[in-house]
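Text of target_12.cif, listed as mmCIF, C-alpha atoms:
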```
data_entry
#
loop_
_atom_site.label_atom_id
_atom_site.label_comp_id
_atom_site.auth_asym_id
_atom_site.auth_seq_id
_atom_site.Cartn_x
_atom_site.Cartn_y
_atom_site.Cartn_z
CA MET A 1 -1.10 -6.04 -73.35
CA THR A 2 -0.60 -3.30 -75.91
CA LYS A 3 -3.60 -4.53 -77.84
CA ARG A 4 -5.75 -4.37 -74.71
CA ARG A 5 -4.71 -0.81 -73.96
CA ILE A 6 -5.59 0.30 -77.47
CA LEU A 7 -9.05 -1.24 -77.11
CA VAL A 8 -9.63 0.69 -73.90
CA MET A 9 -8.58 3.95 -75.49
CA LEU A 10 -10.99 3.52 -78.39
CA ARG A 11 -14.00 3.52 -76.10
CA SER A 12 -15.58 6.71 -74.81
CA MET A 13 -17.93 7.66 -72.03
CA TYR A 14 -21.23 9.20 -73.09
CA LEU A 15 -23.71 11.04 -70.92
CA ALA A 16 -27.34 10.45 -71.88
CA ARG A 17 -30.00 12.75 -70.47
CA VAL A 18 -33.26 10.81 -70.62
CA TYR A 19 -36.67 12.46 -70.30
CA VAL A 20 -39.69 10.24 -69.70
CA THR A 21 -43.12 11.87 -69.89
CA LEU A 22 -46.65 10.58 -69.75
CA LYS A 23 -48.40 10.54 -73.11
CA PRO A 24 -50.62 13.61 -73.49
CA THR A 25 -53.87 11.64 -73.17
CA VAL A 26 -52.87 9.86 -69.93
CA ASN A 27 -54.13 11.23 -66.61
CA ASP A 28 -51.41 12.67 -64.40
CA PRO A 29 -52.51 12.72 -60.74
CA GLN A 30 -48.99 13.64 -59.60
CA GLY A 31 -49.01 16.69 -61.85
CA LEU A 32 -52.49 17.68 -60.61
CA THR A 33 -51.28 17.39 -57.02
CA ILE A 34 -48.26 19.60 -57.73
CA ARG A 35 -50.53 22.14 -59.41
CA GLY A 36 -52.79 22.08 -56.34
CA GLY A 37 -49.79 22.68 -54.11
CA LEU A 38 -48.63 25.59 -56.24
CA HIS A 39 -52.12 27.13 -56.19
CA ALA A 40 -52.23 26.73 -52.41
CA LEU A 41 -48.91 28.59 -52.19
CA GLY A 42 -50.38 31.49 -54.14
CA PHE A 43 -49.19 30.69 -57.66
CA ALA A 44 -52.64 31.19 -59.16
CA ASP A 45 -51.32 31.62 -62.70
CA VAL A 46 -50.21 28.01 -63.06
CA ALA A 47 -52.42 26.51 -65.75
CA SER A 48 -51.13 22.94 -65.75
CA VAL A 49 -48.34 20.72 -64.50
CA ARG A 50 -47.22 17.44 -66.07
CA ALA A 51 -44.82 15.36 -64.02
CA GLY A 52 -42.15 13.18 -65.59
CA LYS A 53 -38.85 11.51 -64.91
CA TYR A 54 -35.35 12.62 -65.72
CA MET A 55 -32.26 10.41 -65.68
CA GLU A 56 -28.59 11.00 -66.35
CA ILE A 57 -26.94 7.82 -67.56
CA ARG A 58 -23.23 7.38 -68.17
CA VAL A 59 -22.55 4.65 -70.66
CA ASP A 60 -19.29 3.36 -72.04
CA ALA A 61 -19.50 2.77 -75.79
CA GLY A 62 -17.35 2.49 -78.88
CA ASP A 63 -18.97 5.42 -80.65
CA ARG A 64 -21.95 7.73 -80.54
CA ALA A 65 -24.17 5.49 -82.67
CA ALA A 66 -23.55 2.51 -80.38
CA ALA A 67 -24.30 4.61 -77.29
CA GLU A 68 -27.50 5.92 -78.88
CA ALA A 69 -28.67 2.41 -79.79
CA GLN A 70 -27.99 1.19 -76.25
CA VAL A 71 -29.82 4.05 -74.54
CA ASP A 72 -32.77 3.67 -76.90
CA GLU A 73 -33.00 -0.02 -76.01
CA MET A 74 -32.72 0.73 -72.27
CA CYS A 75 -35.63 3.15 -72.55
CA ARG A 76 -37.78 0.60 -74.37
CA LYS A 77 -36.94 -2.26 -72.02
CA LEU A 78 -36.82 -0.61 -68.59
CA LEU A 79 -36.85 3.16 -68.25
CA ALA A 80 -40.17 3.99 -69.89
CA ASN A 81 -43.48 2.17 -70.04
CA PRO A 82 -44.33 2.33 -73.76
CA VAL A 83 -48.04 1.89 -73.08
CA ILE A 84 -48.43 5.18 -71.23
CA GLU A 85 -45.12 7.01 -71.55
CA ASP A 86 -43.00 8.71 -74.19
CA PHE A 87 -39.27 9.15 -73.92
CA ARG A 88 -36.57 11.20 -75.54
CA PHE A 89 -32.90 11.65 -74.79
CA ASP A 90 -29.87 13.59 -75.82
CA LEU A 91 -26.34 12.38 -75.76
CA GLU A 92 -23.01 14.06 -75.23
CA GLU A 93 -19.48 12.80 -74.92
CA ALA A 94 -18.45 13.04 -71.28
CA PRO A 95 -15.07 12.97 -69.60
CA VAL A 96 -14.39 9.47 -68.25
CA THR A 97 -13.27 10.85 -64.91
CA ALA A 98 -16.52 12.66 -64.10
CA MET B 1 -65.29 45.44 -70.73
CA THR B 2 -62.88 46.69 -73.40
CA LYS B 3 -60.25 47.39 -70.77
CA ARG B 4 -60.59 43.86 -69.44
CA ARG B 5 -60.15 42.32 -72.87
CA ILE B 6 -56.96 44.31 -73.48
CA LEU B 7 -55.53 43.07 -70.20
CA VAL B 8 -56.24 39.48 -71.18
CA MET B 9 -54.56 39.90 -74.54
CA LEU B 10 -51.37 41.29 -72.99
CA ARG B 11 -50.73 38.09 -71.06
CA SER B 12 -49.03 35.05 -72.57
CA MET B 13 -48.73 31.40 -71.75
CA TYR B 14 -45.24 30.12 -71.05
CA LEU B 15 -44.08 26.54 -70.88
CA ALA B 16 -41.37 25.91 -68.30
CA ARG B 17 -39.43 22.65 -68.43
CA VAL B 18 -38.06 22.10 -64.94
CA TYR B 19 -35.27 19.64 -64.17
CA VAL B 20 -34.62 18.70 -60.55
CA THR B 21 -31.53 16.66 -59.79
CA LEU B 22 -29.85 15.49 -56.62
CA LYS B 23 -26.70 17.40 -55.76
CA PRO B 24 -23.62 15.44 -56.89
CA THR B 25 -22.56 14.55 -53.33
CA VAL B 26 -25.96 13.14 -52.31
CA ASN B 27 -26.52 9.38 -52.41
CA ASP B 28 -29.00 8.25 -55.04
CA PRO B 29 -30.46 4.82 -54.15
CA GLN B 30 -33.06 5.14 -56.93
CA GLY B 31 -30.30 5.65 -59.50
CA LEU B 32 -28.32 2.71 -58.12
CA THR B 33 -31.41 0.51 -58.37
CA ILE B 34 -31.98 1.54 -61.99
CA ARG B 35 -28.34 0.81 -62.74
CA GLY B 36 -28.73 -2.62 -61.14
CA GLY B 37 -31.78 -3.30 -63.27
CA LEU B 38 -29.95 -2.27 -66.42
CA HIS B 39 -26.98 -4.50 -65.56
CA ALA B 40 -29.37 -7.40 -64.91
CA LEU B 41 -30.87 -6.84 -68.37
CA GLY B 42 -27.42 -7.12 -69.92
CA PHE B 43 -26.44 -3.47 -70.26
CA ALA B 44 -23.04 -4.04 -68.67
CA ASP B 45 -21.57 -0.79 -70.04
CA VAL B 46 -23.73 1.45 -67.86
CA ALA B 47 -21.31 3.21 -65.52
CA SER B 48 -23.76 5.25 -63.46
CA VAL B 49 -27.36 6.41 -63.29
CA ARG B 50 -28.62 9.50 -61.48
CA ALA B 51 -32.38 9.81 -61.12
CA GLY B 52 -34.16 13.13 -61.11
CA LYS B 53 -37.50 14.76 -61.74
CA TYR B 54 -38.84 16.51 -64.78
CA MET B 55 -41.88 18.78 -64.90
CA GLU B 56 -43.63 20.73 -67.62
CA ILE B 57 -45.42 23.72 -66.15
CA ARG B 58 -47.69 26.06 -68.08
CA VAL B 59 -47.86 29.45 -66.48
CA ASP B 60 -49.76 32.54 -67.50
CA ALA B 61 -47.61 35.67 -67.16
CA GLY B 62 -47.28 39.22 -68.41
CA ASP B 63 -43.85 38.71 -69.93
CA ARG B 64 -40.92 36.33 -69.97
CA ALA B 65 -39.17 37.93 -67.00
CA ALA B 66 -42.29 37.61 -64.85
CA ALA B 67 -42.72 33.96 -65.85
CA GLU B 68 -39.06 33.26 -65.08
CA ALA B 69 -39.31 34.88 -61.65
CA GLN B 70 -42.44 32.88 -60.84
CA VAL B 71 -40.98 29.52 -61.89
CA ASP B 72 -37.79 30.23 -59.98
CA GLU B 73 -39.83 30.93 -56.84
CA MET B 74 -41.93 27.76 -57.36
CA CYS B 75 -38.76 25.69 -57.55
CA ARG B 76 -37.39 27.22 -54.36
CA LYS B 77 -40.63 26.89 -52.43
CA LEU B 78 -42.04 23.56 -53.57
CA LEU B 79 -40.55 21.73 -56.53
CA ALA B 80 -36.99 21.21 -55.29
CA ASN B 81 -35.53 20.60 -51.86
CA PRO B 82 -32.67 23.11 -51.73
CA VAL B 83 -30.83 21.07 -49.11
CA ILE B 84 -30.21 18.07 -51.36
CA GLU B 85 -31.38 19.07 -54.83
CA ASP B 86 -30.43 21.42 -57.64
CA PHE B 87 -32.85 22.70 -60.23
CA ARG B 88 -32.73 24.37 -63.60
CA PHE B 89 -35.41 25.24 -66.11
CA ASP B 90 -35.91 26.63 -69.55
CA LEU B 91 -38.83 28.66 -70.70
CA GLU B 92 -40.60 29.04 -74.00
CA GLU B 93 -43.68 30.89 -75.10
CA ALA B 94 -46.44 28.36 -75.67
CA PRO B 95 -49.72 28.54 -77.52
CA VAL B 96 -52.55 29.23 -75.06
CA THR B 97 -54.70 26.50 -76.56
CA ALA B 98 -52.23 23.66 -75.95
#
```
So, in terms of structure tokens, how does the structure I just supplied come out?
Amino acid sequence: MTKRRILVMLRSMYLARVYVTLKPTVNDPQGLTIRGGLHALGFADVASVRAGKYMEIRVDAGDRAAAEAQVDEMCRKLLANPVIEDFRFDLEEAPVTA
Amino acid sequence: MTKRRILVMLRSMYLARVYVTLKPTVNDPQGLTIRGGLHALGFADVASVRAGKYMEIRVDAGDRAAAEAQVDEMCRKLLANPVIEDFRFDLEEAPVTA
């Protein structure tokens, strides 16, 4: 019982902020549509819009390196399409309660 | 002609990175689905996922304050739904050619 509690205390919650963007050479119809909408609203100075995805992921891990490895693998396997998208993320230790 | 050229040179291109997230109290079925997918792939330590939007907007403006005011107004009018979403953005001066 004591051993189990110690194991729980050694783990931390990490918050990963993941940014997925289309590669620069890939067409972005969603971004073009947003730009069109902004122009129609009078924002004539908008030169370009690129649309992407943003995710906040809470992951329970033993340490920062383990959390980073997990999030990297998640991005490669599910969150981003490596053929047309790039991803990056940052990681911070988060309170478990939040 | 000279006057026109001076006007052009006084303007700069700014890159705004806009993050739109659901307010914390709003249900996020997309995030729940992503979490389900991650669990199915074996990432059992994922506690929660919140999905959001990310946009990179290039805007031509006289100075940083003008660019900031414009992007703020764009977010309020089109990019975010103020009823259920929050937004934030950061701004950097960008090369005009990019």
Residues of chain A within 9 Å of chain B, counting only C-alpha atoms, as a count of residues only = 34
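Take the PyMOL selection byres ((chain A and resi 83) around 10) and apply it to this file: it picks Leu22, Lys23, Val26, Ala80, Asn81, Pro82, Ile84, Glu85 and Asp86 of chain A.
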So, counting all atoms listed in the file, which residue among A:His39, A:Arg11, A:Thr33, A:Arg64 is closest to Glu92 of chain A?
->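 Nearest candidate to Glu92 of chain A out of A:His39, A:Arg11, A:Thr33, A:Arg64: A:Arg64.
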For atom CA of Arg88 of chain B and atom CA of Ala69 of chain B, the interatomic separation in Å (one decimal) |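 It comes out at 12.6 Å.
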Suppose you want the space between atom CA of Asp28 of chain B and atom CA of Asp90 of chain A; what is it in Å?
->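 If I compute the distance from atom CA of Asp28 of chain B to atom CA of Asp90 of chain A, I get 21.5 Å.
Atom CA of Ser12 of chain B is positioned 6.9 Å from atom CA of Asp63 of chain B.
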